[in-house]
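> Next up, run_23.cif (mmCIF, C-alpha atoms).
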data_final
#
loop_
_atom_site.label_atom_id
_atom_site.label_comp_id
_atom_site.auth_asym_id
_atom_site.auth_seq_id
_atom_site.Cartn_x
_atom_site.Cartn_y
_atom_site.Cartn_z
CA MET A 33 -13.73 28.12 -3.99
CA ARG A 34 -13.00 25.42 -6.50
CA LEU A 35 -9.66 23.65 -6.61
CA GLU A 36 -8.33 21.76 -9.58
CA CYS A 37 -5.05 19.93 -9.31
CA VAL A 38 -3.41 16.61 -10.03
CA VAL A 39 -2.84 14.33 -7.06
CA ASN A 40 -0.77 11.18 -7.43
CA GLY A 41 -1.29 11.32 -11.18
CA GLU A 42 -5.07 11.72 -11.00
CA PRO A 43 -6.82 14.95 -11.96
CA ARG A 44 -8.92 16.18 -9.03
CA ASP A 45 -11.60 18.83 -8.98
CA VAL A 46 -12.92 19.81 -5.57
CA ALA A 47 -15.70 22.33 -5.08
CA GLY A 48 -16.59 24.23 -1.92
CA VAL A 49 -13.06 24.62 -0.55
CA ARG A 50 -12.75 27.50 1.93
CA GLU A 51 -10.05 30.06 1.15
CA SER A 52 -8.56 29.55 4.60
CA GLU A 53 -8.03 25.81 4.16
CA SER A 54 -4.53 24.45 3.75
CA LEU A 55 -3.52 21.98 1.08
CA LEU A 56 -3.11 19.49 3.94
CA GLN A 57 -6.75 19.88 4.99
CA VAL A 58 -7.93 19.47 1.43
CA LEU A 59 -5.85 16.31 0.97
CA ARG A 60 -6.95 14.73 4.22
CA GLU A 61 -10.52 15.85 4.61
CA ARG A 62 -11.81 16.42 1.11
CA MET A 63 -9.75 13.94 -0.91
CA LYS A 64 -9.61 11.31 1.86
CA LEU A 65 -5.85 10.92 1.60
CA PRO A 66 -4.81 10.61 5.27
CA GLY A 67 -1.14 9.81 4.62
CA ALA A 68 0.10 13.35 5.22
CA LYS A 69 -0.39 14.04 8.92
CA ASN A 70 -1.59 17.13 10.71
CA ALA A 71 0.54 18.00 13.72
CA CYS A 72 2.32 21.29 14.38
CA GLU A 73 0.75 23.43 11.63
CA GLN A 74 3.83 25.66 11.63
CA GLY A 75 6.43 23.89 9.54
CA GLU A 76 8.35 22.46 12.49
CA CYS A 77 7.56 18.76 12.33
CA GLY A 78 7.49 17.71 8.67
CA SER A 79 4.69 15.19 9.16
CA CYS A 80 2.54 16.91 6.51
CA SER A 81 5.27 16.75 3.82
CA VAL A 82 4.20 16.27 0.20
CA PHE A 83 5.70 17.04 -3.18
CA LEU A 84 4.23 20.13 -4.83
CA ASP A 85 5.35 20.44 -8.44
CA GLY A 86 8.31 18.25 -7.57
CA LYS A 87 9.39 20.23 -4.49
CA LEU A 88 9.21 18.91 -0.96
CA VAL A 89 6.92 21.23 1.01
CA CYS A 90 4.98 21.31 4.25
CA SER A 91 1.40 21.03 2.99
CA CYS A 92 0.13 22.72 6.16
CA LEU A 93 1.90 25.90 4.99
CA VAL A 94 0.44 25.87 1.49
CA LEU A 95 -2.98 27.46 1.19
CA ALA A 96 -5.47 25.53 -0.93
CA GLY A 97 -5.58 28.27 -3.55
CA GLN A 98 -1.84 28.09 -3.99
CA ALA A 99 -2.14 24.48 -5.16
CA GLU A 100 -4.41 25.41 -8.07
CA GLY A 101 -3.16 23.64 -11.19
CA ALA A 102 -0.29 22.01 -9.32
CA GLU A 103 0.93 18.43 -9.38
CA ILE A 104 0.99 16.89 -5.95
CA VAL A 105 2.47 13.60 -4.82
CA THR A 106 1.65 12.26 -1.37
CA ILE A 107 2.89 9.15 0.41
CA GLU A 108 -0.08 7.31 -1.14
CA GLY A 109 1.48 7.94 -4.55
CA LEU A 110 4.96 6.66 -3.81
CA ALA A 111 4.39 2.93 -4.22
CA ASP A 112 3.91 1.51 -7.70
CA GLY A 113 0.62 -0.32 -7.19
CA ASP A 114 1.32 -2.92 -4.53
CA ALA A 115 5.07 -2.68 -5.03
CA LEU A 116 6.49 -0.50 -2.26
CA SER A 117 9.33 1.90 -3.05
CA PRO A 118 12.83 0.85 -1.91
CA LEU A 119 12.59 3.40 0.89
CA GLN A 120 9.28 2.06 2.12
CA GLU A 121 10.72 -1.47 2.07
CA ALA A 122 13.80 -0.31 3.95
CA PHE A 123 11.72 1.44 6.64
CA ILE A 124 9.83 -1.81 7.28
CA GLU A 125 12.92 -4.03 7.25
CA THR A 126 14.98 -1.90 9.62
CA GLY A 127 12.13 -1.27 12.04
CA ALA A 128 12.22 2.46 11.34
CA VAL A 129 8.49 2.65 12.04
CA GLN A 130 7.22 2.85 15.60
CA CYS A 131 3.87 4.59 16.01
CA GLY A 132 4.00 5.49 12.32
CA PHE A 133 2.71 9.05 12.59
CA CYS A 134 5.87 10.73 11.32
CA THR A 135 6.74 7.98 8.82
CA PRO A 136 5.13 9.40 5.66
CA GLY A 137 6.96 12.69 6.17
CA PHE A 138 10.28 11.00 6.82
CA ILE A 139 9.93 8.77 3.77
CA LEU A 140 9.08 11.67 1.47
CA ALA A 141 11.94 13.80 2.85
CA ALA A 142 14.32 10.86 2.40
CA HIS A 143 12.95 10.26 -1.10
CA ASP A 144 13.68 13.88 -1.95
CA LEU A 145 17.21 13.55 -0.56
CA LEU A 146 17.97 10.41 -2.58
CA GLN A 147 16.81 12.13 -5.74
CA ARG A 148 19.24 14.98 -5.10
CA GLN A 149 22.02 12.90 -3.60
CA PRO A 150 21.89 9.14 -4.32
CA SER A 151 24.75 8.33 -1.93
CA PRO A 152 24.34 10.66 1.03
CA SER A 153 26.68 10.76 4.00
CA ASP A 154 25.19 10.36 7.47
CA ALA A 155 25.55 14.10 7.97
CA GLU A 156 23.62 14.75 4.77
CA ILE A 157 20.89 12.34 5.84
CA ARG A 158 20.63 14.05 9.21
CA GLU A 159 20.49 17.48 7.66
CA ALA A 160 17.84 16.43 5.12
CA LEU A 161 15.69 14.94 7.87
CA ALA A 162 16.23 17.82 10.31
CA GLY A 163 12.80 19.22 9.45
CA ASN A 164 11.06 16.03 10.55
CA LEU A 165 10.27 15.13 14.13
CA CYS A 166 9.80 11.60 15.49
CA ARG A 167 8.37 11.77 18.99
CA CYS A 168 9.04 8.05 19.50
CA THR A 169 12.64 9.20 18.96
CA GLY A 170 13.44 6.36 16.59
CA TYR A 171 15.97 8.38 14.65
CA ALA A 172 18.77 5.80 14.57
CA LYS A 173 16.62 3.26 12.75
CA ILE A 174 15.28 5.91 10.40
CA ILE A 175 18.78 6.96 9.40
CA GLU A 176 19.68 3.30 8.96
CA ALA A 177 16.67 2.80 6.69
CA VAL A 178 17.76 5.66 4.45
CA ARG A 179 21.26 4.21 4.30
CA VAL A 180 19.92 0.77 3.36
CA ALA A 181 17.65 2.20 0.67
CA ALA A 182 20.46 4.35 -0.76
CA ASP A 183 22.79 1.33 -0.97
CA ARG A 184 20.13 -0.73 -2.66
CA MET A 185 19.19 1.93 -5.16
CA THR A 186 22.75 2.66 -6.24
CA THR A 187 23.88 -0.96 -6.69
CA MET B 208 -5.78 26.28 15.07
CA LYS B 209 -7.28 27.25 11.76
CA PRO B 210 -7.10 30.69 10.15
CA ALA B 211 -10.03 33.06 10.40
CA ARG B 212 -11.88 33.70 7.16
CA PHE B 213 -10.30 35.93 4.56
CA GLU B 214 -10.77 36.82 0.93
CA TYR B 215 -8.15 35.30 -1.33
CA ARG B 216 -6.89 37.07 -4.45
CA ARG B 217 -4.36 35.39 -6.69
CA VAL B 218 -2.72 38.06 -8.82
CA ALA B 219 -0.61 37.81 -11.97
CA THR B 220 1.19 41.15 -11.85
CA VAL B 221 2.69 43.57 -9.33
CA ASP B 222 0.24 46.26 -10.50
CA GLU B 223 -2.70 44.01 -9.80
CA ALA B 224 -1.35 43.32 -6.31
CA ILE B 225 -0.93 47.05 -5.64
CA GLU B 226 -4.50 47.69 -6.79
CA HIS B 227 -5.85 45.27 -4.19
CA LEU B 228 -3.54 46.62 -1.51
CA SER B 229 -4.57 50.22 -2.25
CA GLU B 230 -8.20 49.25 -2.02
CA VAL B 231 -8.07 47.27 1.22
CA GLY B 232 -5.20 49.09 2.99
CA ASP B 233 -3.70 47.60 6.12
CA GLU B 234 -6.38 44.94 6.35
CA ALA B 235 -4.70 43.18 3.44
CA LYS B 236 -1.59 40.98 3.67
CA VAL B 237 0.72 39.94 0.87
CA LEU B 238 1.23 36.18 0.57
CA ALA B 239 4.60 35.34 -0.98
CA GLY B 240 6.04 31.98 0.15
CA GLY B 241 3.71 31.86 3.14
CA GLN B 242 6.18 30.05 5.38
CA SER B 243 5.88 32.68 8.12
CA LEU B 244 2.50 34.17 7.28
CA VAL B 245 0.51 30.93 7.14
CA PRO B 246 1.48 29.91 10.72
CA LEU B 247 0.60 33.44 11.88
CA LEU B 248 -2.82 33.04 10.26
CA GLY B 249 -3.25 29.69 11.99
CA PHE B 250 -2.43 31.17 15.39
CA ARG B 251 -4.67 34.11 14.46
CA LEU B 252 -1.83 36.47 15.26
CA ALA B 253 -2.62 37.84 11.82
CA ARG B 254 -6.28 38.22 10.81
CA PRO B 255 -6.26 39.99 7.46
CA ARG B 256 -9.48 40.67 5.59
CA MET B 257 -7.75 39.87 2.31
CA LEU B 258 -4.74 37.85 1.25
CA VAL B 259 -3.08 38.98 -1.95
CA ASP B 260 -1.23 35.96 -3.29
CA ILE B 261 1.73 37.09 -5.39
CA THR B 262 3.25 33.59 -5.67
CA ARG B 263 2.50 33.44 -9.41
CA VAL B 264 3.63 36.94 -10.35
CA GLU B 265 6.07 36.57 -13.24
CA GLY B 266 9.47 38.19 -13.26
CA LEU B 267 10.23 38.34 -9.53
CA ARG B 268 12.18 35.07 -9.32
CA TYR B 269 15.72 35.88 -10.32
CA MET B 270 19.25 36.43 -9.12
CA ARG B 271 21.34 38.67 -11.33
CA ARG B 272 24.81 40.17 -11.20
CA ASP B 273 25.00 43.82 -12.06
CA GLY B 274 28.70 44.61 -11.84
CA GLU B 275 29.60 44.05 -8.21
CA ALA B 276 25.97 44.09 -7.16
CA LEU B 277 23.79 41.05 -6.72
CA ARG B 278 20.09 41.66 -7.32
CA ILE B 279 17.63 39.20 -5.86
CA GLY B 280 14.01 39.19 -7.05
CA ALA B 281 11.52 39.21 -4.19
CA LEU B 282 10.04 35.80 -4.99
CA THR B 283 13.39 33.98 -5.14
CA VAL B 284 13.14 31.05 -2.74
CA HIS B 285 15.76 30.45 -0.04
CA ARG B 286 16.81 27.21 -1.67
CA ALA B 287 17.68 29.04 -4.91
CA VAL B 288 19.97 31.36 -2.95
CA GLU B 289 21.52 28.35 -1.22
CA THR B 290 22.32 26.70 -4.55
CA MET B 291 23.22 29.76 -6.64
CA ARG B 292 25.94 29.17 -9.19
CA SER B 293 29.43 30.30 -8.38
CA SER B 294 29.52 33.11 -10.95
CA LEU B 295 26.67 34.74 -9.03
CA ALA B 296 28.04 33.92 -5.63
CA ASP B 297 31.52 35.32 -6.26
CA GLY B 298 32.01 37.93 -3.50
CA HIS B 299 28.49 37.23 -2.20
CA ARG B 300 29.18 33.72 -0.96
CA ILE B 301 27.89 34.63 2.48
CA LEU B 302 24.34 34.67 1.07
CA ALA B 303 24.52 31.05 -0.08
CA GLU B 304 26.13 30.15 3.24
CA ALA B 305 23.47 31.96 5.26
CA ALA B 306 20.64 30.29 3.33
CA ARG B 307 21.53 27.00 4.98
CA TRP B 308 20.55 28.52 8.32
CA VAL B 309 17.09 29.51 7.09
CA GLY B 310 14.54 27.07 8.52
CA HIS B 311 14.47 23.47 7.39
CA TYR B 312 14.81 22.22 3.84
CA PRO B 313 11.05 22.11 3.02
CA ILE B 314 10.73 25.68 4.29
CA ARG B 315 13.56 26.76 2.00
CA THR B 316 11.92 25.28 -1.10
CA ARG B 317 8.98 27.62 -0.67
CA GLY B 318 9.85 30.58 1.54
CA THR B 319 10.93 33.69 -0.36
CA PHE B 320 13.68 36.26 0.07
CA GLY B 321 11.38 39.27 -0.25
CA GLY B 322 8.78 37.69 1.99
CA SER B 323 11.32 37.14 4.72
CA ILE B 324 12.53 40.75 4.51
CA ALA B 325 8.96 42.10 4.58
CA HIS B 326 8.10 39.86 7.54
CA ALA B 327 10.93 41.60 9.46
CA ASP B 328 11.58 38.94 12.06
CA PRO B 329 14.59 40.21 14.06
CA ALA B 330 16.02 36.67 14.06
CA SER B 331 15.80 36.37 10.27
CA GLU B 332 19.10 35.70 8.54
CA TRP B 333 18.10 37.77 5.51
CA CYS B 334 17.12 40.81 7.57
CA MET B 335 20.42 40.61 9.44
CA LEU B 336 22.45 40.24 6.23
CA ALA B 337 20.55 43.03 4.52
CA VAL B 338 21.47 45.44 7.32
CA ALA B 339 25.06 44.21 7.61
CA LEU B 340 25.81 44.35 3.89
CA ASP B 341 24.11 47.70 3.16
CA ALA B 342 21.42 46.10 1.00
CA VAL B 343 18.92 48.32 -0.78
CA VAL B 344 15.30 47.21 -0.84
CA THR B 345 13.17 48.26 -3.79
CA ALA B 346 9.48 48.61 -3.03
CA GLN B 347 6.70 49.39 -5.45
CA GLY B 348 3.46 51.18 -4.64
CA PRO B 349 0.79 53.17 -6.47
CA GLY B 350 3.26 56.04 -6.96
CA GLY B 351 5.98 53.87 -8.48
CA LYS B 352 9.20 52.41 -7.12
CA ARG B 353 11.42 53.61 -4.30
CA ASP B 354 14.69 52.39 -2.86
CA ILE B 355 14.98 51.92 0.89
CA PRO B 356 18.34 51.24 2.56
CA ALA B 357 17.94 48.10 4.68
CA GLY B 358 19.27 50.02 7.67
CA GLU B 359 16.18 52.24 7.50
CA LEU B 360 13.64 49.54 6.65
CA PHE B 361 13.13 47.77 9.97
CA GLN B 362 11.24 49.62 12.70
CA GLY B 363 10.53 46.96 15.28
CA PHE B 364 9.29 43.39 15.68
CA PHE B 365 7.66 42.42 12.39
CA THR B 366 7.40 46.09 11.46
CA THR B 367 8.87 47.96 8.49
CA VAL B 368 8.53 51.41 6.94
CA LEU B 369 6.64 49.88 3.99
CA ALA B 370 3.24 51.45 3.40
CA PRO B 371 0.23 49.11 3.35
CA ASP B 372 -0.01 49.48 -0.42
CA GLU B 373 3.69 48.85 -1.11
CA LEU B 374 5.39 45.58 -1.80
CA ILE B 375 9.02 44.55 -2.03
CA ILE B 376 10.07 43.62 -5.54
CA GLU B 377 13.85 43.38 -5.25
CA VAL B 378 16.70 43.36 -2.76
CA ARG B 379 20.06 44.54 -4.01
CA PHE B 380 23.39 43.80 -2.38
CA PRO B 381 25.42 46.63 -3.88
CA ARG B 382 28.99 45.45 -3.38
CA VAL B 383 31.04 42.33 -2.88
CA TRP B 384 32.46 41.50 0.55
CA GLU B 385 35.47 39.23 0.36
CA HIS B 386 35.66 38.85 4.13
CA ALA B 387 32.20 38.18 5.47
CA ALA B 388 30.81 35.46 7.69
CA ILE B 389 27.66 34.44 9.51
CA GLU B 390 27.54 32.49 12.74
CA GLU B 391 24.60 31.58 14.84
CA PHE B 392 23.54 29.44 17.72
CA ALA B 393 20.30 27.49 17.84
CA ARG B 394 19.61 24.43 19.93
CA ARG B 395 18.38 22.50 16.91
CA LYS B 396 19.38 23.00 13.27
CA GLY B 397 16.71 25.05 11.53
CA ASP B 398 15.30 26.63 14.67
CA PHE B 399 15.31 30.37 15.16
CA ALA B 400 18.71 31.54 16.31
CA LEU B 401 19.09 32.39 19.98
CA VAL B 402 21.76 34.79 18.76
CA ALA B 403 23.11 35.25 15.24
CA ALA B 404 25.96 37.42 14.00
CA THR B 405 27.01 38.69 10.62
CA VAL B 406 30.33 40.41 10.13
CA ALA B 407 31.79 41.91 6.97
CA LEU B 408 35.27 43.37 6.78
CA ASP B 409 37.50 45.22 4.37
CA LEU B 410 41.07 44.18 5.05
CA GLU B 411 44.37 45.62 3.96
CA ASP B 412 47.57 43.84 5.05
CA GLY B 413 45.81 42.29 8.00
CA ARG B 414 44.43 45.63 9.12
CA CYS B 415 40.70 46.24 9.19
CA ARG B 416 39.77 49.24 7.04
CA ASP B 417 36.01 48.97 7.42
CA ALA B 418 33.73 46.73 9.44
CA ARG B 419 30.10 45.77 9.79
CA ILE B 420 28.94 43.80 12.80
CA VAL B 421 25.25 43.02 13.11
CA LEU B 422 23.43 40.79 15.57
CA GLY B 423 20.13 39.03 14.95
CA GLY B 424 17.66 37.77 17.53
CA VAL B 425 18.76 40.05 20.37
CA ASP B 426 16.60 43.11 19.80
CA GLU B 427 13.51 44.29 17.94
CA VAL B 428 15.49 44.76 14.73
CA PRO B 429 18.82 43.47 13.40
CA LEU B 430 21.22 45.37 15.61
CA ARG B 431 24.26 47.08 14.14
CA LEU B 432 27.05 47.34 16.72
CA LEU B 433 28.59 50.69 15.89
CA GLU B 434 30.90 50.84 18.89
CA ALA B 435 32.35 47.41 18.15
CA GLU B 436 32.74 48.39 14.49
CA ARG B 437 34.68 51.52 15.49
CA ALA B 438 36.94 49.50 17.78
CA LEU B 439 37.75 47.17 14.92
CA THR B 440 38.26 49.76 12.22
CA GLY B 441 41.91 50.65 11.74
CA ALA B 442 43.12 47.87 14.03
CA VAL B 443 45.23 44.86 13.10
CA CYS B 444 43.18 41.67 13.17
CA SER B 445 44.17 39.19 15.88
CA THR B 446 42.60 36.65 18.14
CA PRO B 447 42.84 38.86 21.26
CA LEU B 448 41.28 41.75 19.34
CA PHE B 449 38.39 39.54 18.21
CA GLU B 450 37.86 38.50 21.83
CA GLU B 451 37.64 42.15 22.83
CA ILE B 452 35.17 42.83 20.04
CA GLY B 453 33.09 39.87 21.21
CA ASP B 454 33.01 41.35 24.72
CA LEU B 455 31.92 44.70 23.30
CA ALA B 456 29.10 42.96 21.45
CA SER B 457 28.05 41.26 24.64
CA ALA B 458 28.04 44.57 26.53
CA ALA B 459 26.11 46.38 23.79
CA ILE B 460 22.92 44.33 23.98
CA SER B 461 20.02 44.00 26.41
CA PRO B 462 18.47 40.72 25.37
CA VAL B 463 15.33 39.24 26.91
CA SER B 464 15.09 36.18 29.11
CA ASP B 465 12.58 33.64 27.94
CA ILE B 466 11.92 29.91 27.90
CA HIS B 467 14.66 29.38 25.31
CA ALA B 468 17.52 31.18 27.04
CA ASP B 469 18.05 33.77 29.74
CA ALA B 470 19.57 37.16 29.04
CA GLU B 471 22.95 36.25 30.50
CA HIS B 472 23.21 33.20 28.25
CA ARG B 473 22.29 35.30 25.21
CA ARG B 474 24.92 37.91 26.11
CA GLU B 475 27.54 35.17 26.41
CA LEU B 476 26.44 33.70 23.07
CA ALA B 477 26.69 37.12 21.43
CA ALA B 478 30.38 37.28 22.35
CA VAL B 479 30.93 33.76 21.05
CA VAL B 480 29.19 34.15 17.69
CA VAL B 481 30.82 37.52 17.01
CA ARG B 482 34.27 36.16 17.82
CA ARG B 483 33.72 33.10 15.66
CA ALA B 484 32.29 35.09 12.77
CA LEU B 485 35.27 37.45 12.84
CA GLY B 486 37.67 34.53 12.86
CA ARG B 487 35.92 32.91 9.92
CA ALA B 488 35.69 36.19 8.03
CA VAL B 489 39.47 36.49 8.02
CA GLY B 490 39.86 32.84 7.09
CA GLY B 491 40.54 31.38 10.51
CA GLY B 492 39.30 28.32 12.34
CA PRO B 493 35.84 27.67 13.75
CA ASP B 494 36.69 29.06 17.18
CA GLY B 495 37.50 32.47 15.88
CA ASP B 496 41.20 31.85 15.91
CA SER B 497 42.63 34.29 13.38
CA ARG B 498 45.94 32.47 12.81
CA PRO B 499 46.01 32.65 9.00
CA VAL B 500 46.11 36.43 9.01
CA GLU B 501 49.59 37.76 8.47
CA GLY B 502 50.98 40.26 10.93
CA SER B 503 48.35 39.44 13.45
CA SER B 504 50.36 40.39 16.50
CA ARG B 505 49.67 43.79 17.93
#
Could the structure of this file be written out as structure tokens, please?


Amino acid sequence: MRLECVVNGEPRDVAGVRESESLLQVLRERMKLPGAKNACEQGECGSCSVFLDGKLVCSCLVLAGQAEGAEIVTIEGLADGDALSPLQEAFIETGAVQCGFCTPGFILAAHDLLQRQPSPSDAEIREALAGNLCRCTGYAKIIEAVRVAADRMTT
Amino acid sequence: MKPARFEYRRVATVDEAIEHLSEVGDEAKVLAGGQSLVPLLGFRLARPRMLVDITRVEGLRYMRRDGEALRIGALTVHRAVETMRSSLADGHRILAEAARWVGHYPIRTRGTFGGSIAHADPASEWCMLAVALDAVVTAQGPGGKRDIPAGELFQGFFTTVLAPDELIIEVRFPRVWEHAAIEEFARRKGDFALVAATVALDLEDGRCRDARIVLGGVDEVPLRLLEAERALTGAVCSTPLFEEIGDLASAAISPVSDIHADAEHRRELAAVVVRRALGRAVGGGPDGDSRPVEGSSR
């Protein structure tokens, strides 16, 4: 199967994709974009999160064929060149990154939240990140990072 | 794990989907949002020969008022139900409220209403609500459309009366319920409920004229508690009554014990969620206290 889509603003055309592959597999293994992580493969952990036509989705639960013609943004597409996004900066500054495996998913989920709700309450942050697991259990710093980024982006 | 091989057919119309389904029969599966089906493929609990992807079928993503009724197109995503505008939600607010219990946010942006109903997970909020609120499910097959009352749709775990060549195109909630509430208990937000309850009441001067009480996650299908409904019907709403109804709910079920909770815990939770849902349905506090109802002493 052939898959044509736009990833991080670049048109991509990949041949030889198996029907049973997920969008996540295609991104990681065929497009060499390892930012989205492969963990639970059942929509529990959020580490494979990407934007698909502007919506936050678990890319492990999107079959390759379903991404045909779609616009996809991964963590690799969030920074503007070398300039990190305010969220990425905030994650570094607050020490919200431990092993780093869950970080891309958390940042994209938080990015989605701040687009919907620029000044979220702690409860709203927690709810928006409820689909993401951090097995280092660094949640307090992660929530702090989102708070810092939100403050910075609204002032 | 990775899914076994399958043929993939992306279709543009319902008719095209039915053609494939008629041809391949029960070896085909319909892919709507894929938020339940794709994990099942990965675990190889489902090994279809063909996937018929209806994601791009036009005209199945809508929510429409039709008098009192609310019609939901099969491909409407959970998030759309969660954020429906108030003119749609009027009298159907419980649907928007329940949507927040459906999985996590990224699941709700993609998972579909019709897909969830067809998947028939007994812990599904939509399946429970469909049974509780007398929803009517419209399915289409080679012979045309037919309406199936939700109470007759579910046959067992992940099993419905739908034929292999039929697909759900719409779910209709025929009437408004001014006093309806959902409550559930899960250890983590977004997880499957250990026990969930939906109640819907018709009230007149604090007296219950009609009642629906349905539990999710405790049996093979959403379980309507007829005995508890009968005990409530005609009675004056009060906190002690709601406690009794909770106890009846607890006594009516034979839940399983598993790694998540033992049967006794689930029975206890059933009483709690039913009591709380009743309290909230009549406008009371979170603990099922029915204070705001007038004339609540018996």

> Need the shell around range 162-176 of chain A: protein/DNA/RNA residues with any atom at most 10 Å away, counting only C-alpha atoms. Skip same-chain ones fewer than 2 positions apart. Format as an NGL selection string?

(:A and (75-81 or 90 or 122-135 or 137-139 or 141-142 or 154-160 or 178-182)) or (:B and (310-314 or 395-398))

> Just to confirm, what's the straight-line distance from CA of Gly249 in chain B to CA of Glu51 in chain A in Å (one decimal)?

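Those two atoms sit 12.8 Å apart.
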
> Would you pick out the contacts of Ala47 in chain A at 9 Å or less, using only C-alpha atoms, so that residues sharing its chain but fewer than 5 positions from it are not included, and give the list as a ChimeraX atom specification?

/A:33-36

> At a cut-off of 6 Å, can you tabulate as a tab-separated table every residue of chain A near chain B together with its closest atom pair and the distance in Å to one decimal, using all atoms listed in the file and ordering rows by chain then number?


residue	atom	partner	partner_atom	distance
A:Ser52	CA	B:Pro210	CA	5.9
A:Gln74	CA	B:Pro246	CA	4.9
A:Leu88	CA	B:Pro313	CA	5.4
A:Val89	CA	B:Pro313	CA	4.7
A:Leu93	CA	B:Val245	CA	5.6
A:Gly163	CA	B:His311	CA	5.0

> Counting all atoms listed in the file, which residue out of B:Ser331, B:Thr345, B:Thr283, B:Ser461 sits closest to Glu391 in chain B?

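Ranked by minimum distance to Glu391 in chain B, first place goes to B:Ser331.
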
> Around (15.6, -1.9, -2.7), as given in the file, which residues come within 10 Å? Count all atoms listed in the file and list them as a count of residues only.

15

> Quick check on the file I pasted: which residues fall under the PyMOL selection byres ((chain B and resi 374-376) around 6)? Write them as a list in words.

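Selected by the PyMOL selection byres ((chain B and resi 374-376) around 6) here: Ala281, Thr345, Ala346, Gln347, Glu373 and Glu377 of chain B.
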
> Report the distance between CA of Leu228 in chain B and CA of Asp85 in chain A in Å, rounded to one decimal place.

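Going from CA of Leu228 in chain B over to CA of Asp85 in chain A, I get 28.5 Å.
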
> For a quick check of your reading of the model, name the residues lying within 12 Å of the coordinate (12.7, 40.1, 16.9), counting all atoms listed in the file, and write them as an NGL selection string.

:B and (326-332 or 334-335 or 361-366 or 399-403 or 422-430 or 462-463)

> Excluding Glu451 in chain B and any residue of its chain fewer than 6 positions from it, enumerate the residues within 9 Å of it, using all atoms listed in the file, and give them as number ranges by chain.

B: 435, 438, 478, 482

> Taking the file above as input, evaluate the PyMOL selection byres ((chain B and resi 414) around 10) and report the hits as JSON, numbers by chain.

{"B": [408, 409, 410, 411, 412, 413, 415, 416, 417, 439, 440, 441, 442, 443, 444, 445, 500, 501, 502, 503]}

> Would you compute an axis-aligned box for range 385-402 of chain B, covering every atom listed for it in the file with 3 Å of margin on each side, and report centre and edge lengths in Å to one decimal as AutoDock Vina command-line options?


--center_x 25.5 --center_y 30.9 --center_z 10.2 --size_x 26.4 --size_y 22.7 --size_z 25.6

> How many Å lie between CA of Asp112 in chain A and CA of Gln147 in chain A, rounded to one decimal?

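Interatomic distance here is 16.8 Å.
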
> Can you put N, CA, C and O atoms back into range 45-53 of chain A and show it as a PDB file, in the frame of the given file?


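Contents of out_5.pdb, freshly written:
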ATOM      1  N   ASP A  45     -10.828  17.594  -8.873  1.00  0.00           N
ATOM      2  CA  ASP A  45     -11.600  18.830  -8.980  1.00  0.00           C
ATOM      3  C   ASP A  45     -12.496  18.876  -7.747  1.00  0.00           C
ATOM      4  O   ASP A  45     -13.420  18.082  -7.626  1.00  0.00           O
ATOM      5  N   VAL A  46     -12.170  19.770  -6.832  1.00  0.00           N
ATOM      6  CA  VAL A  46     -12.920  19.810  -5.570  1.00  0.00           C
ATOM      7  C   VAL A  46     -13.631  21.155  -5.464  1.00  0.00           C
ATOM      8  O   VAL A  46     -13.009  22.209  -5.594  1.00  0.00           O
ATOM      9  N   ALA A  47     -14.929  21.098  -5.233  1.00  0.00           N
ATOM     10  CA  ALA A  47     -15.700  22.330  -5.080  1.00  0.00           C
ATOM     11  C   ALA A  47     -15.921  22.614  -3.601  1.00  0.00           C
ATOM     12  O   ALA A  47     -15.792  21.719  -2.761  1.00  0.00           O
ATOM     13  N   GLY A  48     -16.216  23.850  -3.283  1.00  0.00           N
ATOM     14  CA  GLY A  48     -16.590  24.230  -1.920  1.00  0.00           C
ATOM     15  C   GLY A  48     -15.447  24.312  -0.935  1.00  0.00           C
ATOM     16  O   GLY A  48     -15.655  24.256   0.280  1.00  0.00           O
ATOM     17  N   VAL A  49     -14.220  24.474  -1.446  1.00  0.00           N
ATOM     18  CA  VAL A  49     -13.060  24.620  -0.550  1.00  0.00           C
ATOM     19  C   VAL A  49     -13.065  26.045   0.021  1.00  0.00           C
ATOM     20  O   VAL A  49     -13.256  27.010  -0.707  1.00  0.00           O
ATOM     21  N   ARG A  50     -12.851  26.159   1.329  1.00  0.00           N
ATOM     22  CA  ARG A  50     -12.750  27.500   1.930  1.00  0.00           C
ATOM     23  C   ARG A  50     -11.366  28.075   1.644  1.00  0.00           C
ATOM     24  O   ARG A  50     -10.376  27.343   1.646  1.00  0.00           O
ATOM     25  N   GLU A  51     -11.315  29.388   1.445  1.00  0.00           N
ATOM     26  CA  GLU A  51     -10.050  30.060   1.150  1.00  0.00           C
ATOM     27  C   GLU A  51      -9.018  29.808   2.238  1.00  0.00           C
ATOM     28  O   GLU A  51      -7.818  29.755   1.984  1.00  0.00           O
ATOM     29  N   SER A  52      -9.491  29.664   3.476  1.00  0.00           N
ATOM     30  CA  SER A  52      -8.560  29.550   4.600  1.00  0.00           C
ATOM     31  C   SER A  52      -8.062  28.121   4.824  1.00  0.00           C
ATOM     32  O   SER A  52      -7.278  27.886   5.735  1.00  0.00           O
ATOM     33  N   GLU A  53      -8.512  27.186   3.996  1.00  0.00           N
ATOM     34  CA  GLU A  53      -8.030  25.810   4.160  1.00  0.00           C
ATOM     35  C   GLU A  53      -6.616  25.655   3.620  1.00  0.00           C
ATOM     36  O   GLU A  53      -6.250  26.281   2.637  1.00  0.00           O
TER      37      GLU A  53
END
